[in-house]
file structure-v8.txt (compact mmCIF, C-alpha atoms and all ligand atoms)
# COMPACT_ATOMS: atom_id res chain seq x y z
CA MET A 1 54.26 -170.56 -92.69
CA ILE A 2 55.69 -173.29 -90.50
CA ILE A 3 54.68 -173.26 -86.85
CA GLY A 4 57.47 -174.59 -84.64
CA HIS A 5 59.95 -177.29 -85.77
CA LYS A 6 62.86 -174.84 -86.10
CA LYS A 7 65.43 -177.52 -85.35
CA GLN A 8 64.00 -179.83 -88.04
CA TRP A 9 64.10 -176.99 -90.59
CA GLN A 10 67.75 -176.36 -89.78
CA ILE A 11 68.61 -180.03 -90.15
CA ILE A 12 67.10 -180.35 -93.62
CA THR A 13 68.20 -177.01 -95.03
CA LYS A 14 71.78 -177.18 -93.78
CA GLN A 15 72.64 -180.68 -94.88
CA LYS A 16 74.05 -181.17 -98.34
CA GLU A 17 74.39 -184.91 -98.76
CA ALA A 18 71.06 -186.59 -98.08
CA HIS A 19 68.82 -187.09 -101.09
CA ALA A 20 66.01 -188.86 -99.25
CA PHE A 21 64.31 -187.90 -96.01
CA LEU A 22 61.67 -189.41 -93.81
CA PHE A 23 59.54 -186.97 -91.84
CA SER A 24 57.81 -188.88 -89.05
CA GLY A 25 55.56 -187.92 -86.16
CA GLN A 26 51.86 -187.68 -85.23
CA GLU A 27 49.33 -186.30 -87.72
CA SER A 28 48.72 -182.55 -88.11
CA LEU A 29 52.10 -181.49 -86.75
CA GLY A 30 53.06 -179.85 -90.04
CA LYS A 31 55.28 -182.52 -91.60
CA LYS A 32 53.80 -182.31 -95.10
CA LYS A 33 53.71 -178.53 -94.83
CA MET A 34 57.43 -178.50 -94.06
CA ALA A 35 58.15 -180.89 -96.93
CA VAL A 36 56.44 -178.49 -99.36
CA GLU A 37 58.30 -175.49 -97.86
CA PHE A 38 61.51 -177.47 -98.26
CA ALA A 39 60.71 -178.08 -101.94
CA LYS A 40 60.19 -174.33 -102.37
CA PHE A 41 63.44 -173.64 -100.51
CA LEU A 42 65.28 -175.89 -102.99
CA LYS A 43 63.59 -174.45 -106.07
CA CYS A 44 63.14 -170.77 -105.10
CA LEU A 45 64.46 -168.50 -107.85
CA LYS A 46 65.34 -165.78 -105.38
CA LYS A 47 67.16 -168.26 -103.20
CA GLU A 48 65.40 -166.81 -100.21
CA LYS A 49 64.08 -169.20 -97.65
CA PRO A 50 61.68 -169.48 -99.59
CA CYS A 51 60.40 -166.16 -101.00
CA ASN A 52 56.83 -167.42 -101.64
CA CYS A 53 56.37 -165.03 -104.57
CA CYS A 54 58.66 -166.18 -107.41
CA SER A 55 57.26 -168.38 -110.17
CA ALA A 56 58.94 -171.49 -108.73
CA CYS A 57 57.47 -170.99 -105.23
CA LEU A 58 54.02 -170.19 -106.63
CA SER A 59 53.98 -173.13 -109.03
CA ILE A 60 54.87 -175.50 -106.19
CA ASP A 61 52.06 -174.08 -104.07
CA LYS A 62 49.70 -174.65 -107.00
CA LYS A 63 51.20 -178.11 -107.60
CA ILE A 64 51.93 -177.31 -111.24
CA ASN A 65 55.73 -177.28 -111.14
CA SER A 66 57.06 -179.99 -113.47
CA ASP A 67 60.00 -180.63 -111.15
CA PHE A 68 57.72 -181.23 -108.20
CA ILE A 69 55.64 -184.31 -107.42
CA LEU A 70 53.34 -184.53 -104.43
CA VAL A 71 51.64 -187.85 -103.78
CA GLU A 72 48.76 -187.36 -101.36
CA GLN A 73 46.01 -189.94 -101.22
CA GLU A 74 44.07 -192.06 -98.79
CA GLU A 75 44.29 -195.37 -100.66
CA ASP A 76 47.26 -197.67 -101.38
CA ILE A 77 50.15 -196.13 -103.27
CA LYS A 78 50.66 -198.57 -106.13
CA ILE A 79 53.84 -199.70 -107.83
CA ASN A 80 52.86 -198.00 -111.11
CA GLN A 81 52.84 -194.66 -109.33
CA ILE A 82 56.36 -195.25 -108.03
CA ARG A 83 57.52 -196.25 -111.53
CA GLU A 84 56.04 -193.04 -112.92
CA ILE A 85 57.80 -191.02 -110.21
CA LYS A 86 61.07 -192.71 -111.13
CA ARG A 87 60.57 -191.92 -114.80
CA ARG A 88 59.84 -188.25 -114.11
CA MET A 89 62.56 -187.79 -111.52
CA PHE A 90 65.23 -189.36 -113.71
CA LEU A 91 64.24 -187.60 -116.98
CA SER A 92 67.10 -185.16 -116.64
CA THR A 93 69.16 -183.98 -113.73
CA ASP A 94 69.73 -180.41 -114.88
CA SER A 95 67.35 -178.92 -112.38
CA VAL A 96 66.51 -179.93 -108.83
CA LYS A 97 63.51 -182.26 -108.68
CA VAL A 98 61.55 -182.95 -105.53
CA THR A 99 59.08 -185.74 -104.78
CA ILE A 100 57.03 -185.80 -101.60
CA ILE A 101 55.15 -188.98 -100.70
CA ASP A 102 52.65 -188.17 -97.99
CA LYS A 103 51.29 -191.08 -95.94
CA ALA A 104 54.25 -193.10 -97.23
CA HIS A 105 53.11 -196.08 -95.15
CA LEU A 106 50.35 -196.53 -97.76
CA MET A 107 52.97 -197.74 -100.23
CA THR A 108 52.37 -201.44 -100.84
CA LYS A 109 55.25 -203.83 -100.26
CA ASP A 110 55.90 -203.92 -104.02
CA SER A 111 55.85 -200.13 -104.15
CA GLN A 112 58.33 -199.93 -101.29
CA ASN A 113 60.66 -202.38 -103.01
CA CYS A 114 60.40 -200.38 -106.21
CA PHE A 115 61.09 -197.18 -104.27
CA LEU A 116 64.07 -198.88 -102.65
CA LYS A 117 65.61 -199.33 -106.10
CA ILE A 118 65.37 -195.57 -106.66
CA LEU A 119 67.12 -194.99 -103.34
CA GLU A 120 69.82 -197.46 -104.25
CA GLU A 121 70.82 -195.52 -107.33
CA PRO A 122 70.72 -191.90 -106.18
CA ARG A 123 70.97 -189.30 -108.91
CA LYS A 124 72.21 -185.76 -108.72
CA ASN A 125 69.55 -183.12 -108.04
CA THR A 126 66.79 -185.52 -107.01
CA ILE A 127 65.31 -185.18 -103.54
CA PHE A 128 62.69 -187.44 -101.96
CA VAL A 129 60.70 -186.74 -98.83
CA LEU A 130 58.59 -189.49 -97.29
CA VAL A 131 56.04 -188.31 -94.74
CA THR A 132 54.38 -190.68 -92.31
CA GLU A 133 52.83 -191.18 -88.89
CA TYR A 134 53.80 -194.83 -88.98
CA PRO A 135 57.48 -195.24 -89.90
CA ASP A 136 57.41 -198.80 -88.55
CA LEU A 137 55.18 -199.79 -91.48
CA LEU A 138 58.04 -199.06 -93.87
CA LEU A 139 60.57 -201.74 -94.81
CA PRO A 140 63.77 -201.65 -92.74
CA THR A 141 65.71 -201.50 -96.02
CA VAL A 142 63.86 -198.30 -96.95
CA LEU A 143 64.35 -196.84 -93.47
CA SER A 144 68.08 -197.49 -93.61
CA ARG A 145 68.41 -195.39 -96.76
CA VAL A 146 66.58 -192.26 -95.68
CA ARG A 147 67.60 -189.50 -93.34
CA GLN A 148 65.04 -189.65 -90.54
CA VAL A 149 63.70 -186.38 -89.18
CA LYS A 150 61.33 -186.71 -86.25
CA PHE A 151 58.57 -184.20 -85.53
CA PHE A 152 57.20 -183.52 -82.06
CA PRO A 153 54.16 -181.69 -80.67
CA VAL A 154 54.56 -177.90 -80.66
CA SER A 155 54.13 -175.91 -77.44
CA ASN A 156 50.98 -173.83 -77.05
CA ARG A 157 53.21 -170.79 -76.56
CA GLU A 158 54.76 -171.33 -79.99
CA ILE A 159 51.36 -171.89 -81.66
CA LYS A 160 50.06 -168.71 -80.00
CA LYS A 161 52.56 -166.64 -81.97
CA TYR A 162 50.58 -167.48 -85.12
CA ILE A 163 47.05 -168.24 -83.96
CA SER A 164 44.97 -166.15 -81.59
CA GLU A 165 41.94 -168.36 -80.88
CA GLU A 166 42.61 -169.73 -77.41
CA GLU A 167 40.16 -172.65 -77.66
CA ALA A 168 41.48 -173.73 -81.05
CA ILE A 169 44.94 -173.93 -79.52
CA LEU A 170 43.68 -175.95 -76.55
CA PHE A 171 41.75 -178.39 -78.75
CA SER A 172 44.70 -178.80 -81.11
CA LEU A 173 46.62 -180.89 -78.56
CA ASN A 174 49.84 -179.18 -79.64
CA ARG A 175 49.30 -179.93 -83.31
CA PRO A 176 49.52 -176.72 -85.36
CA GLY A 177 47.61 -178.23 -88.31
CA ARG A 178 44.61 -178.80 -86.07
CA ALA A 179 44.81 -175.33 -84.53
CA ILE A 180 44.70 -173.77 -88.02
CA GLU A 181 41.70 -175.82 -89.16
CA LEU A 182 39.48 -175.34 -86.11
CA THR A 183 36.54 -173.02 -86.65
CA SER A 184 34.20 -171.87 -83.85
CA GLU A 185 31.55 -174.18 -85.24
CA LYS A 186 33.91 -177.12 -85.03
CA ILE A 187 34.80 -176.19 -81.45
CA LYS A 188 31.09 -176.21 -80.58
CA GLU A 189 30.81 -179.65 -82.14
CA TYR A 190 33.81 -180.83 -80.09
CA LYS A 191 32.24 -179.58 -76.87
CA LYS A 192 29.11 -181.58 -77.67
CA ILE A 193 31.23 -184.70 -78.27
CA ILE A 194 32.79 -184.20 -74.82
CA GLU A 195 29.40 -183.76 -73.14
CA ASP A 196 28.13 -186.98 -74.77
CA PHE A 197 31.28 -188.80 -73.75
CA LYS A 198 30.88 -187.68 -70.13
CA LYS A 199 27.30 -188.97 -70.17
CA ILE A 200 28.42 -192.35 -71.51
CA SER A 201 31.18 -192.63 -68.91
CA SER A 202 28.75 -192.22 -66.04
CA ALA A 203 25.91 -194.30 -67.51
CA ASN A 204 25.06 -197.90 -66.68
CA MET A 205 25.99 -200.78 -69.00
CA ALA A 206 22.63 -200.89 -70.81
CA SER A 207 22.75 -197.20 -71.71
CA ARG A 208 26.39 -197.50 -72.71
CA PHE A 209 25.44 -200.21 -75.21
CA ASN A 210 22.75 -197.96 -76.64
CA GLU A 211 25.02 -194.91 -76.81
CA ALA A 212 27.83 -196.92 -78.36
CA LYS A 213 25.48 -198.07 -81.12
CA LYS A 214 24.83 -194.44 -82.10
CA ILE A 215 28.49 -193.85 -82.86
CA THR A 216 29.19 -194.38 -86.52
CA GLY A 217 32.46 -195.09 -88.29
CA GLU A 218 32.31 -191.60 -89.74
CA ASN A 219 34.90 -189.19 -88.35
CA LEU A 220 35.82 -191.77 -85.78
CA SER A 221 39.43 -190.69 -85.60
CA GLU A 222 38.28 -187.14 -84.87
CA THR A 223 35.96 -188.41 -82.12
CA PHE A 224 38.82 -190.40 -80.61
CA PHE A 225 40.98 -187.32 -80.75
CA ILE A 226 38.46 -185.26 -78.79
CA TRP A 227 37.90 -187.99 -76.22
CA LEU A 228 41.65 -188.10 -75.76
CA TYR A 229 41.75 -184.34 -75.33
CA TYR A 230 39.09 -184.55 -72.63
CA LEU A 231 40.73 -187.49 -70.82
CA ARG A 232 44.16 -185.85 -70.82
CA LYS A 233 42.71 -182.67 -69.38
CA LYS A 234 40.88 -184.72 -66.75
CA PHE A 235 44.10 -186.57 -65.95
CA LEU A 236 46.03 -183.32 -65.47
CA THR A 237 43.33 -181.89 -63.20
CA GLU A 238 43.30 -185.06 -61.12
CA CYS A 239 47.09 -184.95 -60.81
CA GLU A 240 47.03 -181.28 -59.78
CA ARG A 241 44.39 -181.90 -57.14
CA GLY A 242 46.13 -184.99 -55.81
CA GLU A 243 43.11 -187.14 -56.73
CA ASN A 244 43.19 -190.78 -57.84
CA TYR A 245 43.90 -190.85 -61.57
CA THR A 246 44.27 -194.63 -62.09
CA SER A 247 40.97 -195.02 -64.00
CA THR A 248 41.61 -192.03 -66.24
CA LYS A 249 45.09 -193.29 -67.03
CA LYS A 250 43.66 -196.70 -67.94
CA ASN A 251 40.99 -195.09 -70.12
CA ILE A 252 43.64 -193.08 -71.96
CA LYS A 253 45.71 -196.22 -72.58
CA ASN A 254 42.69 -198.17 -73.90
CA LEU A 255 41.64 -195.30 -76.12
CA GLN A 256 45.12 -194.90 -77.57
CA GLU A 257 45.33 -198.62 -78.30
CA ILE A 258 41.94 -198.80 -79.99
CA SER A 259 42.46 -195.63 -81.96
CA SER A 260 45.77 -196.95 -83.28
CA LEU A 261 44.18 -200.31 -84.16
CA VAL A 262 41.32 -198.65 -86.03
CA GLU A 263 43.69 -196.45 -88.01
CA ARG A 264 46.25 -199.07 -88.86
CA THR A 265 44.36 -202.33 -89.27
CA ASN A 266 41.12 -203.62 -90.70
CA VAL A 267 39.63 -204.13 -87.24
CA ASN A 268 35.87 -203.50 -87.14
CA ALA A 269 35.85 -199.86 -85.98
CA LYS A 270 32.29 -199.98 -84.64
CA LEU A 271 32.89 -203.08 -82.56
CA ALA A 272 36.17 -201.72 -81.25
CA THR A 273 34.46 -198.49 -80.18
CA GLU A 274 31.66 -200.37 -78.43
CA LEU A 275 34.22 -202.41 -76.57
CA LEU A 276 36.09 -199.27 -75.57
CA LEU A 277 32.98 -197.57 -74.21
CA ILE A 278 31.99 -200.63 -72.26
CA LYS A 279 35.45 -200.89 -70.78
CA LEU A 280 35.44 -197.25 -69.64
CA LYS A 281 36.12 -196.93 -65.94
ZN ZN A 301 60.70 -168.17 -104.38

call {"tool": "encode", "arguments": {"input": "structure-v8.txt", "output": "structure tokens"}}
result
Amino acid sequence: MIIGHKKQWQIITKQKEAHAFLFSGQESLGKKKMAVEFAKFLKCLKKEKPCNCCSACLSIDKKINSDFILVEQEEDIKINQIREIKRRMFLSTDSVKVTIIDKAHLMTKDSQNCFLKILEEPRKNTIFVLVTEYPDLLLPTVLSRVRQVKFFPVSNREIKKYISEEEAILFSLNRPGRAIELTSEKIKEYKKIIEDFKKISSANMASRFNEAKKITGENLSETFFIWLYYLRKKFLTECERGENYTSTKKNIKNLQEISSLVERTNVNAKLATELLLIKLK
């Protein structure tokens, strides 16, 4: 089930020439999900779009199809892994083979150069899909050899066709993956995060320091996400009521910057968060 992204699906399923794609866009939009559905579409024995019940579709879902490789990990993607992918993908070209590299920005520079060599000698029946939130961390030479497909947030109306929990949709910030994962317990937890954040925003400097110290590096990106949800909602309300939204806008900008720094660099997450809370207006 893919929620939204109809145009992207049409682009990838209708084209015949590209053998390497790059799916880019924020996290939890459904990029990896679409890459897997695309693999099933290419391998489906019933040639339906995809049928989800033939042995090819099922074996891809279970990640046991020998013509299907899915790299999904949180640590660096090493050159040896890329070499192994090359070996498997080029074994024979009788059947369609699909490799998906999720979080492709985790490929080291060496890995990317090795991957580039694969792209430079395209073989029949081999399809690659790179998935990333940070396409700018990929080498320009890699980018120039892949067909880029951009993913955008999905409207609440579209998500509603598949998910009925109103609050899960609201908290998803237009990201279907989030809406699917959110349980009522999680929503309760999110509400608590918002209440704590409100308290910090209105507290004096000394209490802010103390509160900031309590925030751990654990699930920090999730905490940032919820703060952003709250600030965006606040911003919209202020706009609607014709109130001054300058501070909220500034807070959103700071939060986005710090959240991106924490995710993409080795910056000390705890320090960055403390700084953010102190800078709150
Ligand atoms: Zn099938």

call {"tool": "closest_residue", "arguments": {"input": "structure-v8.txt", "among": "A:Glu167, A:Asp61, A:Glu195, A:Glu222", "to": "ligand ZN 301 (chain A)", "atoms": "only C-alpha atoms and all ligand atoms"}}
result
A:Asp61

call {"tool": "residues_around", "arguments": {"input": "structure-v8.txt", "residues": "Ile100 in chain A", "least_positions_apart": "6", "cutoff": "12 Å", "atoms": "all atoms listed in the file", "output": "number ranges by chain"}}
result
A: 19-23, 31-40, 60, 63, 67-73, 82, 85, 89, 126-132

call {"tool": "closest_residue", "arguments": {"input": "structure-v8.txt", "among": "A:Lys234, A:Lys49, A:Lys117, A:Arg147", "to": "ligand ZN 301 (chain A)", "atoms": "only C-alpha atoms and all ligand atoms"}}
result
A:Lys49

call {"tool": "closest_residue", "arguments": {"input": "structure-v8.txt", "among": "A:Lys103, A:Lys213, A:Lys150, A:Arg232", "to": "Leu275 in chain A", "atoms": "all atoms listed in the file"}}
result
A:Lys213

call {"tool": "residues_near_ligand", "arguments": {"input": "structure-v8.txt", "ligand": "ligand ZN 301 (chain A)", "cutoff": "7 Å", "atoms": "only C-alpha atoms and all ligand atoms", "output": "list in words"}}
result
Lys40, Cys44, Leu45, Lys46, Lys47, Glu48, Pro50, Cys51, Asn52, Cys53, Cys54, Ser55, Ala56 and Cys57 of chain A

call {"tool": "closest_residue", "arguments": {"input": "structure-v8.txt", "among": "A:Ser202, A:Thr273, A:Ser155, A:Ser66", "to": "Ile215 in chain A", "atoms": "all atoms listed in the file"}}
result
A:Thr273

call {"tool": "atom_distance", "arguments": {"input": "structure-v8.txt", "atom1": "CA of Asn174 in chain A", "atom2": "CA of Glu257 in chain A"}}
result
20.0 Å

call {"tool": "atom_distance", "arguments": {"input": "structure-v8.txt", "atom1": "CA of Lys270 in chain A", "atom2": "CA of Ile258 in chain A"}}
result
10.8 Å

call {"tool": "closest_residue", "arguments": {"input": "structure-v8.txt", "among": "A:Val267, A:Leu106, A:Leu231, A:Val154", "to": "Leu137 in chain A", "atoms": "all atoms listed in the file"}}
result
A:Leu106

call {"tool": "atom_distance", "arguments": {"input": "structure-v8.txt", "atom1": "CA of Tyr245 in chain A", "atom2": "CA of Lys281 in chain A"}}
result
10.8 Å

call {"tool": "closest_residue", "arguments": {"input": "structure-v8.txt", "among": "A:Ile159, A:Val142, A:Met1, A:Ile194", "to": "Gln112 in chain A", "atoms": "all atoms listed in the file"}}
result
A:Val142

call {"tool": "residues_around", "arguments": {"input": "structure-v8.txt", "residues": "Lys124 in chain A", "least_positions_apart": "5", "cutoff": "12 Å", "atoms": "only C-alpha atoms", "output": "PDB file with C-alpha atoms, in the coordinates of the input"}}
result
ATOM      1  CA  LYS A  16      74.050-181.170 -98.340  1.00  0.00           C
ATOM      2  CA  GLU A  17      74.390-184.910 -98.760  1.00  0.00           C
ATOM      3  CA  ALA A  18      71.060-186.590 -98.080  1.00  0.00           C
ATOM      4  CA  HIS A  19      68.820-187.090-101.090  1.00  0.00           C
ATOM      5  CA  ALA A  20      66.010-188.860 -99.250  1.00  0.00           C
ATOM      6  CA  MET A  89      62.560-187.790-111.520  1.00  0.00           C
ATOM      7  CA  PHE A  90      65.230-189.360-113.710  1.00  0.00           C
ATOM      8  CA  LEU A  91      64.240-187.600-116.980  1.00  0.00           C
ATOM      9  CA  SER A  92      67.100-185.160-116.640  1.00  0.00           C
ATOM     10  CA  THR A  93      69.160-183.980-113.730  1.00  0.00           C
ATOM     11  CA  ASP A  94      69.730-180.410-114.880  1.00  0.00           C
ATOM     12  CA  SER A  95      67.350-178.920-112.380  1.00  0.00           C
ATOM     13  CA  VAL A  96      66.510-179.930-108.830  1.00  0.00           C
ATOM     14  CA  LYS A  97      63.510-182.260-108.680  1.00  0.00           C
ATOM     15  CA  VAL A  98      61.550-182.950-105.530  1.00  0.00           C
ATOM     16  CA  LEU A 119      67.120-194.990-103.340  1.00  0.00           C
TER      17      LEU A 119
END

call {"tool": "decode", "arguments": {"input": "structure-v8.txt", "residues": "range 151-255 of chain A", "atoms": "C-alpha atoms", "output": "PDB file, in the first residue's frame"}}
result
ATOM      1  CA  PHE A 151       8.963  12.940  -2.871  1.00  0.00           C
ATOM      2  CA  PHE A 152       6.818  15.552  -1.152  1.00  0.00           C
ATOM      3  CA  PRO A 153       4.598  15.606   1.944  1.00  0.00           C
ATOM      4  CA  VAL A 154       1.200  13.982   1.382  1.00  0.00           C
ATOM      5  CA  SER A 155      -2.013  15.900   2.084  1.00  0.00           C
ATOM      6  CA  ASN A 156      -4.021  14.944   5.158  1.00  0.00           C
ATOM      7  CA  ARG A 157      -6.983  14.294   2.865  1.00  0.00           C
ATOM      8  CA  GLU A 158      -4.985  11.673   0.968  1.00  0.00           C
ATOM      9  CA  ILE A 159      -3.699  10.030   4.181  1.00  0.00           C
ATOM     10  CA  LYS A 160      -7.277   9.939   5.509  1.00  0.00           C
ATOM     11  CA  LYS A 161      -8.270   7.572   2.713  1.00  0.00           C
ATOM     12  CA  TYR A 162      -6.095   4.904   4.360  1.00  0.00           C
ATOM     13  CA  ILE A 163      -5.895   5.852   8.034  1.00  0.00           C
ATOM     14  CA  SER A 164      -8.794   6.773  10.270  1.00  0.00           C
ATOM     15  CA  GLU A 165      -7.110   8.022  13.458  1.00  0.00           C
ATOM     16  CA  GLU A 166      -7.438  11.787  13.250  1.00  0.00           C
ATOM     17  CA  GLU A 167      -4.690  12.574  15.780  1.00  0.00           C
ATOM     18  CA  ALA A 168      -2.223  10.196  14.136  1.00  0.00           C
ATOM     19  CA  ILE A 169      -2.762  12.064  10.880  1.00  0.00           C
ATOM     20  CA  LEU A 170      -2.261  15.445  12.558  1.00  0.00           C
ATOM     21  CA  PHE A 171       0.918  14.347  14.330  1.00  0.00           C
ATOM     22  CA  SER A 172       2.307  12.787  11.159  1.00  0.00           C
ATOM     23  CA  LEU A 173       3.023  16.209   9.630  1.00  0.00           C
ATOM     24  CA  ASN A 174       1.935  14.885   6.235  1.00  0.00           C
ATOM     25  CA  ARG A 175       4.251  11.888   6.389  1.00  0.00           C
ATOM     26  CA  PRO A 176       2.292   8.676   5.800  1.00  0.00           C
ATOM     27  CA  GLY A 177       4.979   6.492   7.426  1.00  0.00           C
ATOM     28  CA  ARG A 178       4.519   8.376  10.687  1.00  0.00           C
ATOM     29  CA  ALA A 179       0.728   8.218  10.511  1.00  0.00           C
ATOM     30  CA  ILE A 180       0.892   4.423  10.158  1.00  0.00           C
ATOM     31  CA  GLU A 181       3.264   3.960  13.096  1.00  0.00           C
ATOM     32  CA  LEU A 182       1.495   6.182  15.620  1.00  0.00           C
ATOM     33  CA  THR A 183      -0.305   4.317  18.376  1.00  0.00           C
ATOM     34  CA  SER A 184      -2.556   6.007  20.959  1.00  0.00           C
ATOM     35  CA  GLU A 185       0.157   5.480  23.540  1.00  0.00           C
ATOM     36  CA  LYS A 186       2.673   7.265  21.352  1.00  0.00           C
ATOM     37  CA  ILE A 187       0.232  10.137  20.830  1.00  0.00           C
ATOM     38  CA  LYS A 188      -0.103  10.463  24.613  1.00  0.00           C
ATOM     39  CA  GLU A 189       3.675  10.578  24.861  1.00  0.00           C
ATOM     40  CA  TYR A 190       3.788  13.280  22.174  1.00  0.00           C
ATOM     41  CA  LYS A 191       1.247  15.396  24.035  1.00  0.00           C
ATOM     42  CA  LYS A 192       3.424  15.193  27.144  1.00  0.00           C
ATOM     43  CA  ILE A 193       6.467  16.307  25.108  1.00  0.00           C
ATOM     44  CA  ILE A 194       4.458  19.336  23.925  1.00  0.00           C
ATOM     45  CA  GLU A 195       3.356  20.220  27.462  1.00  0.00           C
ATOM     46  CA  ASP A 196       6.978  20.049  28.681  1.00  0.00           C
ATOM     47  CA  PHE A 197       8.116  22.146  25.752  1.00  0.00           C
ATOM     48  CA  LYS A 198       5.499  24.813  26.506  1.00  0.00           C
ATOM     49  CA  LYS A 199       6.714  24.922  30.112  1.00  0.00           C
ATOM     50  CA  ILE A 200      10.322  25.368  29.003  1.00  0.00           C
ATOM     51  CA  SER A 201       9.381  28.133  26.563  1.00  0.00           C
ATOM     52  CA  SER A 202       7.760  30.206  29.277  1.00  0.00           C
ATOM     53  CA  ALA A 203      10.312  29.478  32.027  1.00  0.00           C
ATOM     54  CA  ASN A 204      13.172  31.714  33.126  1.00  0.00           C
ATOM     55  CA  MET A 205      16.775  31.051  32.072  1.00  0.00           C
ATOM     56  CA  ALA A 206      17.715  29.080  35.203  1.00  0.00           C
ATOM     57  CA  SER A 207      14.807  26.659  34.818  1.00  0.00           C
ATOM     58  CA  ARG A 208      15.490  26.340  31.107  1.00  0.00           C
ATOM     59  CA  PHE A 209      19.037  25.218  31.887  1.00  0.00           C
ATOM     60  CA  ASN A 210      17.688  22.622  34.293  1.00  0.00           C
ATOM     61  CA  GLU A 211      15.015  21.391  31.888  1.00  0.00           C
ATOM     62  CA  ALA A 212      17.478  21.244  29.012  1.00  0.00           C
ATOM     63  CA  LYS A 213      19.761  19.017  31.090  1.00  0.00           C
ATOM     64  CA  LYS A 214      16.961  16.461  31.459  1.00  0.00           C
ATOM     65  CA  ILE A 215      16.730  15.970  27.714  1.00  0.00           C
ATOM     66  CA  THR A 216      18.831  13.036  26.628  1.00  0.00           C
ATOM     67  CA  GLY A 217      20.223  12.179  23.220  1.00  0.00           C
ATOM     68  CA  GLU A 218      17.742   9.320  23.051  1.00  0.00           C
ATOM     69  CA  ASN A 219      14.943   9.794  20.529  1.00  0.00           C
ATOM     70  CA  LEU A 220      16.094  13.337  20.023  1.00  0.00           C
ATOM     71  CA  SER A 221      15.006  13.453  16.407  1.00  0.00           C
ATOM     72  CA  GLU A 222      11.520  12.387  17.472  1.00  0.00           C
ATOM     73  CA  THR A 223      11.453  15.106  20.141  1.00  0.00           C
ATOM     74  CA  PHE A 224      12.531  17.678  17.563  1.00  0.00           C
ATOM     75  CA  PHE A 225       9.808  16.444  15.263  1.00  0.00           C
ATOM     76  CA  ILE A 226       7.124  16.967  17.902  1.00  0.00           C
ATOM     77  CA  TRP A 227       8.424  20.389  18.862  1.00  0.00           C
ATOM     78  CA  LEU A 228       8.275  21.307  15.197  1.00  0.00           C
ATOM     79  CA  TYR A 229       4.713  20.027  14.984  1.00  0.00           C
ATOM     80  CA  TYR A 230       3.727  22.191  17.936  1.00  0.00           C
ATOM     81  CA  LEU A 231       5.535  25.301  16.637  1.00  0.00           C
ATOM     82  CA  ARG A 232       4.031  24.987  13.164  1.00  0.00           C
ATOM     83  CA  LYS A 233       0.556  24.680  14.629  1.00  0.00           C
ATOM     84  CA  LYS A 234       1.239  27.708  16.828  1.00  0.00           C
ATOM     85  CA  PHE A 235       2.506  29.623  13.804  1.00  0.00           C
ATOM     86  CA  LEU A 236      -0.640  28.842  11.803  1.00  0.00           C
ATOM     87  CA  THR A 237      -2.908  29.892  14.670  1.00  0.00           C
ATOM     88  CA  GLU A 238      -0.997  33.151  15.075  1.00  0.00           C
ATOM     89  CA  CYS A 239      -1.276  33.828  11.346  1.00  0.00           C
ATOM     90  CA  GLU A 240      -5.019  33.105  11.355  1.00  0.00           C
ATOM     91  CA  ARG A 241      -5.615  35.403  14.302  1.00  0.00           C
ATOM     92  CA  GLY A 242      -3.458  38.170  12.861  1.00  0.00           C
ATOM     93  CA  GLU A 243      -1.092  37.943  15.849  1.00  0.00           C
ATOM     94  CA  ASN A 244       2.660  38.586  15.806  1.00  0.00           C
ATOM     95  CA  TYR A 245       4.374  35.394  14.684  1.00  0.00           C
ATOM     96  CA  THR A 246       7.989  36.651  14.427  1.00  0.00           C
ATOM     97  CA  SER A 247       9.222  34.729  17.504  1.00  0.00           C
ATOM     98  CA  THR A 248       7.540  31.494  16.489  1.00  0.00           C
ATOM     99  CA  LYS A 249       8.990  31.773  13.002  1.00  0.00           C
ATOM    100  CA  LYS A 250      12.458  32.304  14.466  1.00  0.00           C
ATOM    101  CA  ASN A 251      12.025  29.331  16.803  1.00  0.00           C
ATOM    102  CA  ILE A 252      11.015  27.125  13.868  1.00  0.00           C
ATOM    103  CA  LYS A 253      14.074  28.221  11.885  1.00  0.00           C
ATOM    104  CA  ASN A 254      16.442  27.555  14.825  1.00  0.00           C
ATOM    105  CA  LEU A 255      14.876  24.182  15.488  1.00  0.00           C
TER     106      LEU A 255
END
